[in-house]
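Working notes for the structure below.
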Amino acid sequence: MKNRNLILNILGISALFGVLRLFEAYGSEYQVRILDNMGVFITLAVSYNLVVGVCGQLHLGPNAFITIGAYTSALLTMSPAEKQMSFIITPLVWPLNVLHAPFALSLVAGGVMAALFAFLISFPVFRVRGDYLAIVTLGFGEVVRVLANALQSVTNGPLGLKGLPPRTNLWWSWGIAVLTTLLVVKLINSSYGRAMKAIREDETAAKAMGIDPFRHLVLAFMVSAFFSGVSGGLLAHLITTISPTLFTFFLTFNLLMIIVVGGLGSTTGAIVGAVLFTWGSEALRVVESDMNFGLFTIPGIPGMRMVLFSLILLLVIIFARHGVMGRGEITWNRIASGWGALAGRKSA
Amino acid sequence: MTATIFLQQIINGASLGSLYALVAIGYTMVYGILRLINFAHGDLLMFAAYAAIYGSTLFSLPWFISFPLAVVATAAMGILLDRAAYRPLRDAPRISLLISAIGASFLLENLALVVIGGVPKGFPRPSVFDQVISVGELRIQIMTIVTPVMTIVLLMGLLYIVHRTKIGKAMRAASKDFETTRLMGINLDWVIAVTFLLGSALAAAGGVMWAMKYPQVNPFMGVIPGLKAFIAAVLGGIGSIVGAVVGGFLLGLGEILIVAFVPELALYRDAIAFLILILVLLFRPTGIMGEPMIDKS
């Protein structure tokens, strides 16, 4: 059984990369762009789901981790000369102005900085639970945005960083998505993961069983922050321009919608949600542009997509709280034992 | 810094703080009963501001009619919000309720963006409030005085309802023990609807006055005041109406005075409020006047 799953995993991932190779060779620039985005959003959703879905803590500050990752990795891949040109108003502080690192290293550095920040804020954050945790993490997200705006000698303030090398491609974005998924699934299926789920279900009972909630929550928080930071680096080198207004609560809202639609607590659900979201936000561009039916034209309504997304989130949470996957997962075993698997969702 | 400027800043701070206070009351009342941060509460501020604008410009009503109408419309909106987004989730896990609140907030903001557009609208401030009175060297706009006075008056009215009427008694009972209140034969949905009505009406009063103070009305204008008002509610002690008002005044005064004394911190103004929140939660989670009911591990 174990061998079979390993082989199937390898086959599945090879097939995925085969498809990506085909898109790289024959797909349009637009298609490749959407796929790049999809890979990054899978990483973001899977890592965000670890804290919100698996541990059951509604954390609203992933945009803080993404910002930190994006800035760290961007500052490392820009050459010292470029940095000197960009920072017109206030020069960049030492040692950032001379550091220069390859892309891979800069991504890791972004992840490490984000995880470090997660560790520091976990002390106030995990003193509270529920709505308070939500508002405190939201607050840290805002604090990071304010700092990115105000600390001109590090972030170049509202001007942001421009002209980053466009290093993110299909291999980076999907390679990291696959890596993140494998590691997060491994963590969830370990004893740490079981402890995290126990905390989600009943913290008092979990404590009585000898589980230290703080330690496990901090672990989940830091792992989640690390991968969010790495994705921040990927996003920065995909968009090639970053500024403090890029990663706001809006981004957090989108991630929340992805994991709610996919099913809170389900990793495969998070992936399904991320794919639906990136595909859907492109497909829904229709409603924002004029629709021409020959005889008459329905004018497009800019901003309509966000209205639809908010409605989807509300409708899913009110009428179909378990999302597409509930807490179930798509696994090889389940596929083998027929599609009855999908019907086997458990209620919360 | 002379005494005059200092006094001027105190008055400005009290004026800003009274707006936080009005909005904070709504948070604290809803939290007291439902244990829910009503994320969409700040957006009611925006709704009220637009309602007042359209009342004044579209129907060319005088301000003393269009402003109260805006308050009534916002109160209705608050009840609708509860009915549509929160009531179906009364027995759902708390996390679902909170996500629903975030969704409702985004829906309101983006609907406003689609229907009205993102270009900020000017607010038709009645010229009565523009007059400036001078006391010695102090020069104060009428507006700056009206807000705190209005807040105190509304607070008195609210305290009367909560402590002297039957529905107020039901509200206090519901915030102490939801289940037992239901067992006593009290219609909780009704009590909650009234809570939303009162909270939204106060937020609307705050919103109209906010728009008079900062006459730039846009679909996202309620977000930051909403968050700060929530912080004020936590600072004062969540669940306590008087606490929310005290917290609001303290936060407003604190923000204005810090920026007045240390102008370099002006850029960090929005972060200061969150640092206050984090410090309060770390060292005195029940706030200044709160009862120990915070959700802690």
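Each chain in the structure tokens gets a letter, A, B and so on, in the order shown; residues start at 1 in every chain, and ligands are counted from 1 in the order they appear.
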Each chain A residue no farther than 6 Å from chain B, nearest pair in Å, only C-alpha atoms, as a Markdown table:
```
| residue | atom | partner | partner_atom | distance |
| --- | --- | --- | --- | --- |
| A:Val128 | CA | B:Lys296 | CA | 4.9 |
| A:Arg129 | CA | B:Lys296 | CA | 5.7 |
| A:Gly139 | CA | B:Phe274 | CA | 5.5 |
| A:Val143 | CA | B:Ala271 | CA | 5.1 |
| A:Gly303 | CA | B:Val114 | CA | 5.8 |
| A:Val307 | CA | B:Asn110 | CA | 5.4 |
| A:Ser310 | CA | B:Leu107 | CA | 5.1 |
| A:Leu314 | CA | B:Gly103 | CA | 5.5 |
```
Write a file of the selected residues as a PDB file, in the first residue's frame, keeping N, CA and C atoms.
```pdb
ATOM      1  N   VAL A 128      -4.345  34.946  23.470  1.00  0.00           N
ATOM      2  CA  VAL A 128      -5.797  35.066  23.332  1.00  0.00           C
ATOM      3  C   VAL A 128      -6.293  34.074  22.286  1.00  0.00           C
ATOM      4  N   ARG A 129      -7.600  33.917  22.230  1.00  0.00           N
ATOM      5  CA  ARG A 129      -8.195  32.987  21.269  1.00  0.00           C
ATOM      6  C   ARG A 129      -9.393  33.651  20.596  1.00  0.00           C
ATOM      7  N   GLY A 139      -4.235  43.231  13.385  1.00  0.00           N
ATOM      8  CA  GLY A 139      -3.469  44.389  13.821  1.00  0.00           C
ATOM      9  C   GLY A 139      -2.012  44.286  13.401  1.00  0.00           C
ATOM     10  N   VAL A 143       0.211  46.763  11.214  1.00  0.00           N
ATOM     11  CA  VAL A 143       1.466  47.330  11.717  1.00  0.00           C
ATOM     12  C   VAL A 143       2.573  47.138  10.679  1.00  0.00           C
ATOM     13  N   GLY A 303     -15.082  46.183 -10.540  1.00  0.00           N
ATOM     14  CA  GLY A 303     -15.237  45.901  -9.120  1.00  0.00           C
ATOM     15  C   GLY A 303     -16.265  44.832  -8.834  1.00  0.00           C
ATOM     16  N   VAL A 307     -17.460  41.862  -5.485  1.00  0.00           N
ATOM     17  CA  VAL A 307     -18.811  41.690  -4.943  1.00  0.00           C
ATOM     18  C   VAL A 307     -19.193  40.214  -5.027  1.00  0.00           C
ATOM     19  N   SER A 310     -17.278  38.185  -2.420  1.00  0.00           N
ATOM     20  CA  SER A 310     -17.810  38.337  -1.057  1.00  0.00           C
ATOM     21  C   SER A 310     -19.109  37.553  -0.921  1.00  0.00           C
ATOM     22  N   LEU A 314     -19.956  34.508   1.679  1.00  0.00           N
ATOM     23  CA  LEU A 314     -21.112  34.539   2.581  1.00  0.00           C
ATOM     24  C   LEU A 314     -22.008  33.327   2.350  1.00  0.00           C
TER      25      LEU A 314
END
```
*Taking the backbone alone, and naming residues the way the document does, which bits of region 43-120 of chain A are helix (DSSP H, G or I) by DSSP, as a PyMOL selection string?*
chain A and resi 43-54+62-77+80-86+103-120
*asked:* Run DSSP on the backbone and tell me which residues of region 13-186 of chain B come out as strand (DSSP E); list them as a PyMOL selection string.
replied: chain B and resi 121-122+132-135+138-141
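Note that the spacing between CA of Ile318 (chain A) and CA of Val52 (chain A) amounts to 17.9 Å.
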*asked:* Quick one: residues within 7 Å of Phe221 (chain A), only C-alpha atoms, excluding same-chain residues fewer than 3 positions away - as a ChimeraX atom specification?
replied: /A:51,118,217-218,224-225
*Which neighbours of Met85 (chain A) fall inside 12 Å, counting only C-alpha atoms, when residues of the same chain fewer than 5 positions from it are skipped, and could you give them as a VMD selection string?*
chain A and resid 78 to 80 90 to 92 97 156 161 to 163
*Counting only C-alpha atoms, what is within 6 Å of region 212-218 of chain B, bar same-chain residues fewer than 3 positions away, as a list in words?*
Pro120, Lys121, Gly122, Phe123, Arg125, Met209 and Met221 of chain B
Convert the current residue selection to file output with N, CA and C atoms, as a short mmCIF file (atom, residue, chain, number, x, y, z; two decimals), in the first residue's frame.
```cif
data_model
loop_
_atom_site.label_atom_id
_atom_site.label_comp_id
_atom_site.auth_asym_id
_atom_site.auth_seq_id
_atom_site.Cartn_x
_atom_site.Cartn_y
_atom_site.Cartn_z
N PRO B 120 -13.90 59.75 -4.01
CA PRO B 120 -14.45 60.29 -2.77
C PRO B 120 -15.45 61.41 -3.05
N LYS B 121 -16.51 61.40 -2.29
CA LYS B 121 -17.53 62.44 -2.43
C LYS B 121 -17.37 63.46 -1.30
N GLY B 122 -17.62 64.70 -1.61
CA GLY B 122 -17.60 65.71 -0.57
C GLY B 122 -18.86 65.60 0.27
N PHE B 123 -18.77 66.01 1.53
CA PHE B 123 -19.94 65.92 2.38
C PHE B 123 -20.55 67.30 2.55
N ARG B 125 -21.57 69.74 4.44
CA ARG B 125 -21.62 70.12 5.86
C ARG B 125 -22.46 71.38 6.02
N MET B 209 -21.26 62.36 11.80
CA MET B 209 -20.37 63.38 12.39
C MET B 209 -18.94 63.21 11.89
N MET B 221 -14.16 54.18 3.88
CA MET B 221 -13.91 55.13 4.97
C MET B 221 -14.18 54.54 6.34
#
```
*Can you pull out every residue within 9 Å of Arg321 (chain A), counting only C-alpha atoms, but drop anything in the same chain fewer than 2 positions away, and send it as a list in words?*
Val260, Val261, Gly263, Leu264, Leu315, Val316, Ile317, Ile318, Phe319, Gly323 and Gly326 of chain A; Ala92 and Ser96 of chain B
*Find the spatial neighbours of Ala177 (chain A), counting only C-alpha atoms, within a cut-off of 12 Å - ignore same-chain residues fewer than 2 positions away - and output them as number ranges by chain.*
A: 13, 16-17, 35-47, 170-175, 179-184, 227-228, 230-231, 234, 267, 270-271, 274-275
*Enter the distance from CA of His100 (chain A) to CA of His237 (chain A), in Å, rounded to one decimal.*
14.9 Å
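Relative to CA of Arg200 (chain A), CA of Gly56 (chain A) is found at 4.7 Å.
Checking A:Pro299, A:Pro244, A:Gly141, A:Gly53 one by one against Pro158 (chain A), counting only C-alpha atoms, you find the shortest gap at A:Pro244.
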